[in-house]
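Data from work_7.pdb: PDB, C-alpha atoms, pLDDT in the B column
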ATOM      1  CA  MET A  24     199.358 108.665 130.363  1.00 52.00           C
ATOM      2  CA  THR A  25     202.618 108.842 128.426  1.00 49.00           C
ATOM      3  CA  ASP A  26     204.571 106.661 126.070  1.00 52.00           C
ATOM      4  CA  ASP A  27     207.876 107.816 127.533  1.00 52.00           C
ATOM      5  CA  ALA A  28     209.023 106.189 130.774  1.00 51.00           C
ATOM      6  CA  GLN A  29     211.463 108.893 131.838  1.00 55.00           C
ATOM      7  CA  PRO A  30     208.949 111.775 131.817  1.00 55.00           C
ATOM      8  CA  ARG A  31     206.553 109.505 133.671  1.00 54.00           C
ATOM      9  CA  ARG A  32     209.158 108.999 136.386  1.00 52.00           C
ATOM     10  CA  ARG A  33     209.901 112.714 136.512  1.00 53.00           C
ATOM     11  CA  PHE A  34     206.184 113.336 137.004  1.00 49.00           C
ATOM     12  CA  LEU A  35     206.048 110.938 139.948  1.00 52.00           C
ATOM     13  CA  GLN A  36     209.223 112.411 141.441  1.00 49.00           C
ATOM     14  CA  THR A  37     207.783 115.926 141.396  1.00 48.00           C
ATOM     15  CA  MET A  38     204.436 114.974 142.946  1.00 48.00           C
ATOM     16  CA  ALA A  39     203.773 116.550 146.330  1.00 40.00           C
ATOM     17  CA  ILE A  40     204.045 113.666 148.768  1.00 40.00           C
ATOM     18  CA  VAL A  41     202.118 114.365 151.966  1.00 40.00           C
ATOM     19  CA  PRO A  42     203.086 112.727 155.259  1.00 39.00           C
ATOM     20  CA  ALA A  43     201.819 109.172 155.369  1.00 38.00           C
ATOM     21  CA  SER A  44     199.858 109.784 158.558  1.00 34.00           C
ATOM     22  CA  THR A  45     197.742 112.464 156.826  1.00 34.00           C
ATOM     23  CA  LEU A  46     197.178 110.844 153.425  1.00 40.00           C
ATOM     24  CA  ALA A  47     193.463 110.567 152.664  1.00 40.00           C
ATOM     25  CA  ILE A  48     193.175 106.865 152.046  1.00 41.00           C
ATOM     26  CA  GLY A  49     189.715 106.119 153.318  1.00 42.00           C
ATOM     27  CA  GLY A  50     189.973 105.870 157.081  1.00 41.00           C
ATOM     28  CA  LEU A  51     191.331 102.327 157.141  1.00 41.00           C
ATOM     29  CA  THR A  52     191.973 101.218 160.709  1.00 36.00           C
ATOM     30  CA  VAL A  53     195.299  99.445 161.006  1.00 38.00           C
ATOM     31  CA  GLY A  54     197.002  97.977 164.036  1.00 39.00           C
ATOM     32  CA  CYS A  55     200.782  98.253 164.190  1.00 38.00           C
ATOM     33  CA  THR A  56     202.273  94.767 164.152  1.00 40.00           C
ATOM     34  CA  ASN A  57     205.790  93.416 163.942  1.00 48.00           C
ATOM     35  CA  ALA A  58     206.959  94.302 160.433  1.00 48.00           C
ATOM     36  CA  ALA A  59     209.090  91.175 160.009  1.00 46.00           C
ATOM     37  CA  ASP A  60     206.236  88.871 160.996  1.00 49.00           C
ATOM     38  CA  GLY A  61     203.857  90.700 158.699  1.00 52.00           C
ATOM     39  CA  ASN A  62     206.212  90.509 155.740  1.00 53.00           C
ATOM     40  CA  ALA A  63     206.805  86.809 156.314  1.00 50.00           C
ATOM     41  CA  ALA A  64     203.070  86.114 156.370  1.00 49.00           C
ATOM     42  CA  LYS A  65     202.533  88.095 153.164  1.00 52.00           C
ATOM     43  CA  ALA A  66     205.350  86.244 151.422  1.00 54.00           C
ATOM     44  CA  ALA A  67     203.922  82.881 152.453  1.00 59.00           C
ATOM     45  CA  LYS A  68     200.407  83.549 151.141  1.00 80.00           C
ATOM     46  CA  PRO A  69     199.601  85.684 148.085  1.00 86.00           C
ATOM     47  CA  TYR A  70     196.982  88.348 148.617  1.00 91.00           C
ATOM     48  CA  GLU A  71     193.414  87.346 147.829  1.00 94.00           C
ATOM     49  CA  PRO A  72     191.030  90.194 146.943  1.00 95.00           C
ATOM     50  CA  THR A  73     188.054  90.625 149.244  1.00 96.00           C
ATOM     51  CA  TYR A  74     185.916  92.902 147.055  1.00 97.00           C
ATOM     52  CA  PHE A  75     186.934  92.416 143.453  1.00 98.00           C
ATOM     53  CA  THR A  76     185.904  89.304 141.553  1.00 97.00           C
ATOM     54  CA  LYS A  77     188.465  87.260 139.625  1.00 97.00           C
ATOM     55  CA  ALA A  78     187.670  89.093 136.377  1.00 97.00           C
ATOM     56  CA  GLU A  79     187.737  92.498 138.079  1.00 98.00           C
ATOM     57  CA  TRP A  80     191.030  91.675 139.767  1.00 98.00           C
ATOM     58  CA  ALA A  81     192.556  90.727 136.406  1.00 98.00           C
ATOM     59  CA  PHE A  82     191.476  94.109 135.028  1.00 98.00           C
ATOM     60  CA  ILE A  83     192.939  96.032 137.983  1.00 98.00           C
ATOM     61  CA  VAL A  84     196.275  94.222 137.775  1.00 97.00           C
ATOM     62  CA  ALA A  85     196.563  94.744 134.015  1.00 98.00           C
ATOM     63  CA  ALA A  86     195.523  98.409 134.152  1.00 98.00           C
ATOM     64  CA  VAL A  87     197.737  99.630 137.008  1.00 98.00           C
ATOM     65  CA  ASP A  88     200.706  97.940 135.362  1.00 97.00           C
ATOM     66  CA  HIS A  89     200.339 100.519 132.577  1.00 97.00           C
ATOM     67  CA  LEU A  90     199.768 103.493 134.855  1.00 97.00           C
ATOM     68  CA  ILE A  91     203.004 102.942 136.801  1.00 96.00           C
ATOM     69  CA  PRO A  92     205.037 100.306 134.940  1.00 95.00           C
ATOM     70  CA  ALA A  93     208.295  98.809 136.145  1.00 93.00           C
ATOM     71  CA  ASP A  94     211.269 100.139 134.204  1.00 89.00           C
ATOM     72  CA  GLU A  95     214.955 101.014 134.540  1.00 87.00           C
ATOM     73  CA  TYR A  96     214.044 103.721 137.048  1.00 83.00           C
ATOM     74  CA  GLY A  97     212.449 101.381 139.565  1.00 88.00           C
ATOM     75  CA  PRO A  98     209.619  98.933 140.370  1.00 93.00           C
ATOM     76  CA  GLY A  99     206.075  99.621 139.220  1.00 96.00           C
ATOM     77  CA  ALA A 100     202.578  99.339 140.611  1.00 97.00           C
ATOM     78  CA  ILE A 101     202.476  95.539 140.667  1.00 96.00           C
ATOM     79  CA  VAL A 102     205.608  95.119 142.789  1.00 95.00           C
ATOM     80  CA  ALA A 103     204.418  97.976 145.011  1.00 96.00           C
ATOM     81  CA  GLY A 104     201.152  96.121 145.762  1.00 96.00           C
ATOM     82  CA  VAL A 105     198.860  98.760 144.265  1.00 97.00           C
ATOM     83  CA  PRO A 106     196.126  96.217 143.349  1.00 97.00           C
ATOM     84  CA  GLU A 107     196.013  95.103 146.999  1.00 97.00           C
ATOM     85  CA  PHE A 108     195.803  98.728 148.135  1.00 97.00           C
ATOM     86  CA  ILE A 109     192.833  99.444 145.842  1.00 98.00           C
ATOM     87  CA  ASP A 110     190.997  96.285 146.903  1.00 98.00           C
ATOM     88  CA  ARG A 111     191.455  97.102 150.577  1.00 96.00           C
ATOM     89  CA  GLN A 112     190.164 100.628 150.014  1.00 96.00           C
ATOM     90  CA  MET A 113     186.874  99.214 148.761  1.00 97.00           C
ATOM     91  CA  GLU A 114     186.126  97.977 152.289  1.00 95.00           C
ATOM     92  CA  THR A 115     186.766 101.363 153.936  1.00 94.00           C
ATOM     93  CA  PRO A 116     184.443 104.378 154.417  1.00 94.00           C
ATOM     94  CA  PHE A 117     186.005 105.746 151.216  1.00 90.00           C
ATOM     95  CA  GLY A 118     184.939 102.674 149.242  1.00 92.00           C
ATOM     96  CA  HIS A 119     181.387 102.902 150.555  1.00 93.00           C
ATOM     97  CA  GLY A 120     181.164 106.634 149.882  1.00 87.00           C
ATOM     98  CA  LYS A 121     180.677 107.482 153.550  1.00 88.00           C
ATOM     99  CA  LEU A 122     183.120 110.369 153.389  1.00 81.00           C
ATOM    100  CA  TRP A 123     180.991 112.368 150.932  1.00 77.00           C
ATOM    101  CA  TYR A 124     177.531 113.862 150.609  1.00 71.00           C
ATOM    102  CA  MET A 125     175.754 111.143 148.639  1.00 66.00           C
ATOM    103  CA  ASP A 126     172.182 112.468 148.349  1.00 72.00           C
ATOM    104  CA  GLY A 127     170.676 114.021 145.229  1.00 70.00           C
ATOM    105  CA  PRO A 128     170.407 115.784 142.967  1.00 66.00           C
ATOM    106  CA  PHE A 129     172.835 113.801 140.819  1.00 63.00           C
ATOM    107  CA  HIS A 130     174.423 114.773 137.499  1.00 66.00           C
ATOM    108  CA  THR A 131     176.381 112.663 135.004  1.00 67.00           C
ATOM    109  CA  ASP A 132     177.735 115.783 133.292  1.00 66.00           C
ATOM    110  CA  GLN A 133     179.826 116.739 136.303  1.00 62.00           C
ATOM    111  CA  VAL A 134     181.183 120.253 136.707  1.00 62.00           C
ATOM    112  CA  PRO A 135     184.595 120.033 138.476  1.00 66.00           C
ATOM    113  CA  GLU A 136     184.065 123.056 140.724  1.00 62.00           C
ATOM    114  CA  LEU A 137     180.880 121.500 142.136  1.00 61.00           C
ATOM    115  CA  GLY A 138     182.609 118.332 143.287  1.00 63.00           C
ATOM    116  CA  TYR A 139     181.456 114.739 142.895  1.00 62.00           C
ATOM    117  CA  GLN A 140     177.948 114.564 141.392  1.00 65.00           C
ATOM    118  CA  LEU A 141     177.265 110.854 140.736  1.00 69.00           C
ATOM    119  CA  ASP A 142     174.984 108.535 142.691  1.00 78.00           C
ATOM    120  CA  GLN A 143     177.669 105.827 142.816  1.00 89.00           C
ATOM    121  CA  ASN A 144     180.229 105.242 145.538  1.00 91.00           C
ATOM    122  CA  PRO A 145     183.771 104.131 144.575  1.00 94.00           C
ATOM    123  CA  ARG A 146     182.866 100.439 144.900  1.00 96.00           C
ATOM    124  CA  GLN A 147     180.074 100.927 142.379  1.00 95.00           C
ATOM    125  CA  VAL A 148     182.216 103.052 140.068  1.00 94.00           C
ATOM    126  CA  TYR A 149     184.833 100.298 139.911  1.00 97.00           C
ATOM    127  CA  ARG A 150     182.296  97.493 139.515  1.00 97.00           C
ATOM    128  CA  ASN A 151     180.296  99.261 136.831  1.00 96.00           C
ATOM    129  CA  GLY A 152     183.365 100.653 135.096  1.00 97.00           C
ATOM    130  CA  ILE A 153     185.213  97.357 134.858  1.00 98.00           C
ATOM    131  CA  GLU A 154     182.102  95.514 133.703  1.00 98.00           C
ATOM    132  CA  ALA A 155     181.419  98.147 131.052  1.00 97.00           C
ATOM    133  CA  CYS A 156     185.017  98.234 129.870  1.00 98.00           C
ATOM    134  CA  ASP A 157     185.281  94.453 129.599  1.00 98.00           C
ATOM    135  CA  ALA A 158     181.968  94.330 127.720  1.00 98.00           C
ATOM    136  CA  TRP A 159     183.199  97.027 125.331  1.00 98.00           C
ATOM    137  CA  CYS A 160     186.485  95.162 124.816  1.00 98.00           C
ATOM    138  CA  VAL A 161     184.698  91.876 124.075  1.00 98.00           C
ATOM    139  CA  LYS A 162     182.317  93.580 121.657  1.00 97.00           C
ATOM    140  CA  THR A 163     185.059  95.555 119.912  1.00 97.00           C
ATOM    141  CA  HIS A 164     188.091  93.277 120.133  1.00 98.00           C
ATOM    142  CA  GLY A 165     186.711  89.836 121.037  1.00 98.00           C
ATOM    143  CA  LYS A 166     188.404  89.569 124.440  1.00 97.00           C
ATOM    144  CA  ALA A 167     188.176  91.044 127.935  1.00 98.00           C
ATOM    145  CA  TYR A 168     190.597  93.865 128.722  1.00 98.00           C
ATOM    146  CA  ALA A 169     193.121  91.747 130.642  1.00 98.00           C
ATOM    147  CA  GLU A 170     193.369  89.288 127.724  1.00 98.00           C
ATOM    148  CA  LEU A 171     194.265  91.919 125.104  1.00 98.00           C
ATOM    149  CA  ASP A 172     197.817  92.700 124.014  1.00 97.00           C
ATOM    150  CA  LYS A 173     199.685  95.370 125.947  1.00 97.00           C
ATOM    151  CA  ALA A 174     199.668  98.025 123.239  1.00 97.00           C
ATOM    152  CA  LEU A 175     195.897  97.785 122.868  1.00 98.00           C
ATOM    153  CA  GLN A 176     195.407  97.900 126.648  1.00 98.00           C
ATOM    154  CA  GLU A 177     197.456 101.100 126.729  1.00 97.00           C
ATOM    155  CA  GLN A 178     195.379 102.721 124.015  1.00 97.00           C
ATOM    156  CA  ILE A 179     192.122 101.780 125.728  1.00 98.00           C
ATOM    157  CA  LEU A 180     193.246 103.491 128.928  1.00 97.00           C
ATOM    158  CA  LYS A 181     194.038 106.630 126.951  1.00 97.00           C
ATOM    159  CA  ASP A 182     190.588 106.502 125.364  1.00 97.00           C
ATOM    160  CA  LEU A 183     188.976 106.109 128.788  1.00 96.00           C
ATOM    161  CA  GLN A 184     190.918 109.081 130.091  1.00 95.00           C
ATOM    162  CA  SER A 185     189.798 111.274 127.194  1.00 94.00           C
ATOM    163  CA  GLY A 186     186.202 110.024 127.281  1.00 92.00           C
ATOM    164  CA  LYS A 187     186.466 108.659 123.749  1.00 96.00           C
ATOM    165  CA  ILE A 188     184.928 105.393 124.943  1.00 96.00           C
ATOM    166  CA  ALA A 189     181.442 105.972 126.370  1.00 93.00           C
ATOM    167  CA  PHE A 190     179.686 103.774 128.932  1.00 94.00           C
ATOM    168  CA  GLU A 191     176.024 103.876 129.965  1.00 91.00           C
ATOM    169  CA  SER A 192     176.553 102.806 133.578  1.00 91.00           C
ATOM    170  CA  VAL A 193     179.290 105.279 134.575  1.00 91.00           C
ATOM    171  CA  PRO A 194     181.231 108.052 132.793  1.00 91.00           C
ATOM    172  CA  SER A 195     184.433 106.492 131.488  1.00 93.00           C
ATOM    173  CA  LYS A 196     186.469 109.566 132.470  1.00 91.00           C
ATOM    174  CA  THR A 197     185.214 109.291 136.053  1.00 91.00           C
ATOM    175  CA  PHE A 198     186.083 105.600 136.186  1.00 95.00           C
ATOM    176  CA  PHE A 199     189.570 106.303 134.861  1.00 96.00           C
ATOM    177  CA  SER A 200     190.097 109.171 137.294  1.00 93.00           C
ATOM    178  CA  PHE A 201     189.388 106.869 140.255  1.00 94.00           C
ATOM    179  CA  LEU A 202     191.749 104.244 138.869  1.00 97.00           C
ATOM    180  CA  LEU A 203     194.567 106.722 138.285  1.00 97.00           C
ATOM    181  CA  ALA A 204     194.190 108.529 141.610  1.00 96.00           C
ATOM    182  CA  ASN A 205     194.025 105.301 143.637  1.00 96.00           C
ATOM    183  CA  THR A 206     197.009 103.896 141.760  1.00 98.00           C
ATOM    184  CA  LYS A 207     199.129 106.906 142.702  1.00 97.00           C
ATOM    185  CA  GLU A 208     197.892 106.715 146.303  1.00 97.00           C
ATOM    186  CA  GLY A 209     198.732 103.019 146.473  1.00 97.00           C
ATOM    187  CA  PHE A 210     202.230 103.681 145.168  1.00 96.00           C
ATOM    188  CA  PHE A 211     202.975 106.385 147.742  1.00 95.00           C
ATOM    189  CA  ALA A 212     200.840 105.590 150.825  1.00 94.00           C
ATOM    190  CA  ASP A 213     202.351 104.102 153.954  1.00 92.00           C
ATOM    191  CA  PRO A 214     202.884 100.328 153.476  1.00 94.00           C
ATOM    192  CA  ILE A 215     200.471  99.520 156.326  1.00 93.00           C
ATOM    193  CA  TYR A 216     197.644 100.238 153.862  1.00 92.00           C
ATOM    194  CA  GLY A 217     198.675  97.469 151.468  1.00 92.00           C
ATOM    195  CA  GLY A 218     200.604  99.369 148.800  1.00 94.00           C
ATOM    196  CA  ASN A 219     204.085 100.896 148.524  1.00 94.00           C
ATOM    197  CA  LYS A 220     205.583  97.541 149.502  1.00 94.00           C
ATOM    198  CA  ASN A 221     209.176  97.801 150.681  1.00 92.00           C
ATOM    199  CA  MET A 222     208.591 101.552 150.373  1.00 93.00           C
ATOM    200  CA  VAL A 223     209.550 101.478 146.695  1.00 93.00           C
ATOM    201  CA  GLY A 224     207.557 104.655 145.996  1.00 93.00           C
ATOM    202  CA  TRP A 225     209.211 106.575 148.821  1.00 91.00           C
ATOM    203  CA  LYS A 226     212.677 105.369 147.823  1.00 91.00           C
ATOM    204  CA  MET A 227     212.111 106.543 144.263  1.00 90.00           C
ATOM    205  CA  VAL A 228     211.306 110.135 145.315  1.00 87.00           C
ATOM    206  CA  GLY A 229     213.586 110.242 148.370  1.00 84.00           C
ATOM    207  CA  PHE A 230     210.750 110.557 150.901  1.00 85.00           C
ATOM    208  CA  PRO A 231     211.872 109.578 154.454  1.00 86.00           C
ATOM    209  CA  GLY A 232     208.468 108.312 155.580  1.00 85.00           C
ATOM    210  CA  ALA A 233     207.427 108.473 159.223  1.00 85.00           C
ATOM    211  CA  ARG A 234     210.783 109.409 160.714  1.00 80.00           C
ATOM    212  CA  ALA A 235     210.204 111.675 163.700  1.00 77.00           C
ATOM    213  CA  ASP A 236     213.468 113.628 163.959  1.00 76.00           C
ATOM    214  CA  PHE A 237     214.910 115.791 161.188  1.00 72.00           C
ATOM    215  CA  MET A 238     216.628 118.425 163.346  1.00 77.00           C
ATOM    216  CA  ASP A 239     220.085 117.583 162.007  1.00 79.00           C
ATOM    217  CA  TRP A 240     218.932 118.325 158.455  1.00 79.00           C
ATOM    218  CA  VAL A 241     216.656 121.372 158.638  1.00 78.00           C
ATOM    219  CA  ASP A 242     219.610 123.737 158.149  1.00 85.00           C
ATOM    220  CA  GLN A 243     221.153 121.774 155.285  1.00 85.00           C
ATOM    221  CA  PRO A 244     219.209 122.770 152.145  1.00 84.00           C
ATOM    222  CA  ASN A 245     219.740 120.658 149.012  1.00 83.00           C
ATOM    223  CA  VAL A 246     221.628 117.992 150.966  1.00 82.00           C
ATOM    224  CA  LYS A 247     220.355 114.500 150.202  1.00 80.00           C
ATOM    225  CA  TYR A 248     218.834 112.771 153.220  1.00 77.00           C
ATOM    226  CA  PRO A 249     221.121 109.757 153.802  1.00 82.00           C
ATOM    227  CA  TYR A 250     218.759 107.392 155.617  1.00 83.00           C
ATOM    228  CA  GLY A 251     216.094 105.127 154.189  1.00 85.00           C
ATOM    229  CA  PRO A 252     212.359 105.572 154.814  1.00 89.00           C
ATOM    230  CA  VAL A 253     210.441 104.222 157.799  1.00 89.00           C
ATOM    231  CA  SER A 254     206.816 103.076 157.875  1.00 90.00           C
ATOM    232  CA  ILE A 255     204.341 103.994 160.599  1.00 87.00           C
ATOM    233  CA  SER A 256     204.616 100.345 161.676  1.00 86.00           C
ATOM    234  CA  GLY A 257     208.359 100.729 162.274  1.00 84.00           C
ATOM    235  CA  GLU A 258     209.365  98.810 159.157  1.00 85.00           C
ATOM    236  CA  LYS A 259     212.503 100.257 157.569  1.00 84.00           C
ATOM    237  CA  GLY A 260     213.098 100.554 153.855  1.00 74.00           C
TER     238      GLY A 260
END
If you took the structure in this file and wrote it as structure tokens, what would it be?
Amino acid sequence: MTDDAQPRRRFLQTMAIVPASTLAIGGLTVGCTNAADGNAAKAAKPYEPTYFTKAEWAFIVAAVDHLIPADEYGPGAIVAGVPEFIDRQMETPFGHGKLWYMDGPFHTDQVPELGYQLDQNPRQVYRNGIEACDAWCVKTHGKAYAELDKALQEQILKDLQSGKIAFESVPSKTFFSFLLANTKEGFFADPIYGGNKNMVGWKMVGFPGARADFMDWVDQPNVKYPYGPVSISGEKG
């Protein structure tokens, strides 16, 4: 988290962006369809979440808008479709925790080098975390998180990240870590997974996407790649 937009953009620009085909985004099976038809359908009907409730969806939208906000350097998480990406991930093997060892023993005081130690899959972490955060916000400030003013929302996210706010159902730092990691994934993953709409994340960092041929550029170090990115689906940015 940072109060300065420019360093935040520099951080995103220096992130190591892996090829879209190898990004660990939960094993979502996607068929390649005509990009123009798909974009037209999305424009005609706003996305409706399949896992998150209305209140949970409001939290996700409000929170990711702080993690990657729109500014003079480019669009943010909302325009990129990050909320849709996170919701879709909840219905994948990742969301159900099928990619991990999920038997005991479990520990709430997790040691990083031992890996994930909770008895909750990502779906449960989000559900419990959002419920706990909204309950804390109502008790402390009289309103759910999404209804609070922007400055207060920002501070609450910082307090979640530091563990200053404690929940009984799930460690607040763990909940925040899922939210932050999935927000960054949704901003940079291939658009076929719901996020990075119009490849705004790739355009910001100069990533060419799923282009297959770079032979004309391998011997030209520090030369800016002149072509826009391409999705796995064939959509061009």
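A straight line drawn from CA of Gly260 (chain A) to CA of Asn205 (chain A) is 22.2 Å long.
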Original post:
Quick one: of A:Asp239, A:Glu71, A:Glu170, A:Glu154, who's nearest to Gly104 (chain A), counting only C-alpha atoms?
Top reply: A:Glu71
**OP:** Work out how far apart CA of Glu177 (chain A) and CA of Pro214 (chain A) are and give it in Å to one decimal.
**Re:** 27.3 Å
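Note on the selection: in this file the PyMOL selection byres ((chain A and resi 73) around 9) comes out as A:Glu71, A:Pro72, A:Tyr74, A:Phe75, A:Thr76, A:Asp110, A:Arg111, A:Met113, A:Glu114.
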Around (194.9, 101.1, 135.4) in the file's frame, which residues reach within 12 Å when counting only C-alpha atoms? Return as a PDB file with C-alpha atoms, in the coordinates of the input?
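As a result, part33.pdb now contains:
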ATOM      1  CA  MET A  24     199.358 108.665 130.363  1.00 52.00           C
ATOM      2  CA  GLU A  79     187.737  92.498 138.079  1.00 98.00           C
ATOM      3  CA  TRP A  80     191.030  91.675 139.767  1.00 98.00           C
ATOM      4  CA  ALA A  81     192.556  90.727 136.406  1.00 98.00           C
ATOM      5  CA  PHE A  82     191.476  94.109 135.028  1.00 98.00           C
ATOM      6  CA  ILE A  83     192.939  96.032 137.983  1.00 98.00           C
ATOM      7  CA  VAL A  84     196.275  94.222 137.775  1.00 97.00           C
ATOM      8  CA  ALA A  85     196.563  94.744 134.015  1.00 98.00           C
ATOM      9  CA  ALA A  86     195.523  98.409 134.152  1.00 98.00           C
ATOM     10  CA  VAL A  87     197.737  99.630 137.008  1.00 98.00           C
ATOM     11  CA  ASP A  88     200.706  97.940 135.362  1.00 97.00           C
ATOM     12  CA  HIS A  89     200.339 100.519 132.577  1.00 97.00           C
ATOM     13  CA  LEU A  90     199.768 103.493 134.855  1.00 97.00           C
ATOM     14  CA  ILE A  91     203.004 102.942 136.801  1.00 96.00           C
ATOM     15  CA  PRO A  92     205.037 100.306 134.940  1.00 95.00           C
ATOM     16  CA  GLY A  99     206.075  99.621 139.220  1.00 96.00           C
ATOM     17  CA  ALA A 100     202.578  99.339 140.611  1.00 97.00           C
ATOM     18  CA  ILE A 101     202.476  95.539 140.667  1.00 96.00           C
ATOM     19  CA  VAL A 105     198.860  98.760 144.265  1.00 97.00           C
ATOM     20  CA  PRO A 106     196.126  96.217 143.349  1.00 97.00           C
ATOM     21  CA  ILE A 109     192.833  99.444 145.842  1.00 98.00           C
ATOM     22  CA  TYR A 149     184.833 100.298 139.911  1.00 97.00           C
ATOM     23  CA  GLY A 152     183.365 100.653 135.096  1.00 97.00           C
ATOM     24  CA  ILE A 153     185.213  97.357 134.858  1.00 98.00           C
ATOM     25  CA  CYS A 156     185.017  98.234 129.870  1.00 98.00           C
ATOM     26  CA  TYR A 168     190.597  93.865 128.722  1.00 98.00           C
ATOM     27  CA  ALA A 169     193.121  91.747 130.642  1.00 98.00           C
ATOM     28  CA  GLN A 176     195.407  97.900 126.648  1.00 98.00           C
ATOM     29  CA  GLU A 177     197.456 101.100 126.729  1.00 97.00           C
ATOM     30  CA  GLN A 178     195.379 102.721 124.015  1.00 97.00           C
ATOM     31  CA  ILE A 179     192.122 101.780 125.728  1.00 98.00           C
ATOM     32  CA  LEU A 180     193.246 103.491 128.928  1.00 97.00           C
ATOM     33  CA  LYS A 181     194.038 106.630 126.951  1.00 97.00           C
ATOM     34  CA  LEU A 183     188.976 106.109 128.788  1.00 96.00           C
ATOM     35  CA  GLN A 184     190.918 109.081 130.091  1.00 95.00           C
ATOM     36  CA  PHE A 198     186.083 105.600 136.186  1.00 95.00           C
ATOM     37  CA  PHE A 199     189.570 106.303 134.861  1.00 96.00           C
ATOM     38  CA  SER A 200     190.097 109.171 137.294  1.00 93.00           C
ATOM     39  CA  PHE A 201     189.388 106.869 140.255  1.00 94.00           C
ATOM     40  CA  LEU A 202     191.749 104.244 138.869  1.00 97.00           C
ATOM     41  CA  LEU A 203     194.567 106.722 138.285  1.00 97.00           C
ATOM     42  CA  ALA A 204     194.190 108.529 141.610  1.00 96.00           C
ATOM     43  CA  ASN A 205     194.025 105.301 143.637  1.00 96.00           C
ATOM     44  CA  THR A 206     197.009 103.896 141.760  1.00 98.00           C
ATOM     45  CA  LYS A 207     199.129 106.906 142.702  1.00 97.00           C
ATOM     46  CA  GLY A 209     198.732 103.019 146.473  1.00 97.00           C
TER      47      GLY A 209
END
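Between CA of Gly120 (chain A) and CA of Glu208 (chain A) the interatomic distance comes to 17.1 Å.
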Extract, using all atoms listed in the file, all DNA, RNA and protein residues at most 12 Å from Gln143 (chain A), discarding same-chain residues fewer than 4 positions from it, and format them as an mmCIF file with C-alpha atoms, keeping the file's coordinate frame.
data_model
loop_
_atom_site.group_PDB
_atom_site.id
_atom_site.type_symbol
_atom_site.label_atom_id
_atom_site.label_comp_id
_atom_site.auth_asym_id
_atom_site.auth_seq_id
_atom_site.Cartn_x
_atom_site.Cartn_y
_atom_site.Cartn_z
ATOM 1 C CA PHE A 117 186.005 105.746 151.216
ATOM 2 C CA GLY A 118 184.939 102.674 149.242
ATOM 3 C CA HIS A 119 181.387 102.902 150.555
ATOM 4 C CA GLY A 120 181.164 106.634 149.882
ATOM 5 C CA LYS A 121 180.677 107.482 153.550
ATOM 6 C CA TRP A 123 180.991 112.368 150.932
ATOM 7 C CA TYR A 124 177.531 113.862 150.609
ATOM 8 C CA MET A 125 175.754 111.143 148.639
ATOM 9 C CA ASP A 126 172.182 112.468 148.349
ATOM 10 C CA GLY A 127 170.676 114.021 145.229
ATOM 11 C CA PHE A 129 172.835 113.801 140.819
ATOM 12 C CA HIS A 130 174.423 114.773 137.499
ATOM 13 C CA THR A 131 176.381 112.663 135.004
ATOM 14 C CA TYR A 139 181.456 114.739 142.895
ATOM 15 C CA GLN A 147 180.074 100.927 142.379
ATOM 16 C CA VAL A 148 182.216 103.052 140.068
ATOM 17 C CA TYR A 149 184.833 100.298 139.911
ATOM 18 C CA ARG A 150 182.296 97.493 139.515
ATOM 19 C CA ASN A 151 180.296 99.261 136.831
ATOM 20 C CA GLY A 152 183.365 100.653 135.096
ATOM 21 C CA SER A 192 176.553 102.806 133.578
ATOM 22 C CA VAL A 193 179.290 105.279 134.575
ATOM 23 C CA PRO A 194 181.231 108.052 132.793
ATOM 24 C CA THR A 197 185.214 109.291 136.053
ATOM 25 C CA PHE A 198 186.083 105.600 136.186
#
Could you extract region 66-75 of chain A of the given structure into a file holding N, CA and C atoms, as a CSV table (one decimal), in the first residue's frame?
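File written: out.csv
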chain,number,residue,atom,x,y,z
A,66,ALA,N,-20.0,-6.2,-23.3
A,66,ALA,CA,-20.5,-4.8,-23.2
A,66,ALA,C,-22.0,-4.7,-23.1
A,67,ALA,N,-22.7,-5.7,-23.7
A,67,ALA,CA,-24.2,-5.6,-23.6
A,67,ALA,C,-24.7,-6.0,-22.3
A,68,LYS,N,-24.0,-6.8,-21.5
A,68,LYS,CA,-24.5,-7.3,-20.2
A,68,LYS,C,-23.4,-7.2,-19.2
A,69,PRO,N,-23.6,-6.4,-18.1
A,69,PRO,CA,-22.6,-6.3,-17.1
A,69,PRO,C,-22.4,-7.6,-16.4
A,70,TYR,N,-21.2,-7.8,-15.9
A,70,TYR,CA,-20.9,-9.1,-15.3
A,70,TYR,C,-21.7,-9.2,-14.0
A,71,GLU,N,-22.2,-10.4,-13.7
A,71,GLU,CA,-22.9,-10.7,-12.5
A,71,GLU,C,-22.1,-11.8,-11.7
A,72,PRO,N,-21.7,-11.5,-10.5
A,72,PRO,CA,-20.8,-12.5,-9.8
A,72,PRO,C,-21.6,-13.8,-9.5
A,73,THR,N,-20.8,-14.9,-9.6
A,73,THR,CA,-21.4,-16.2,-9.4
A,73,THR,C,-21.2,-16.7,-8.0
A,74,TYR,N,-20.1,-16.3,-7.3
A,74,TYR,CA,-19.8,-16.7,-6.0
A,74,TYR,C,-20.1,-15.6,-4.9
A,75,PHE,N,-19.7,-14.5,-5.1
A,75,PHE,CA,-19.8,-13.4,-4.1
A,75,PHE,C,-21.2,-12.9,-4.0
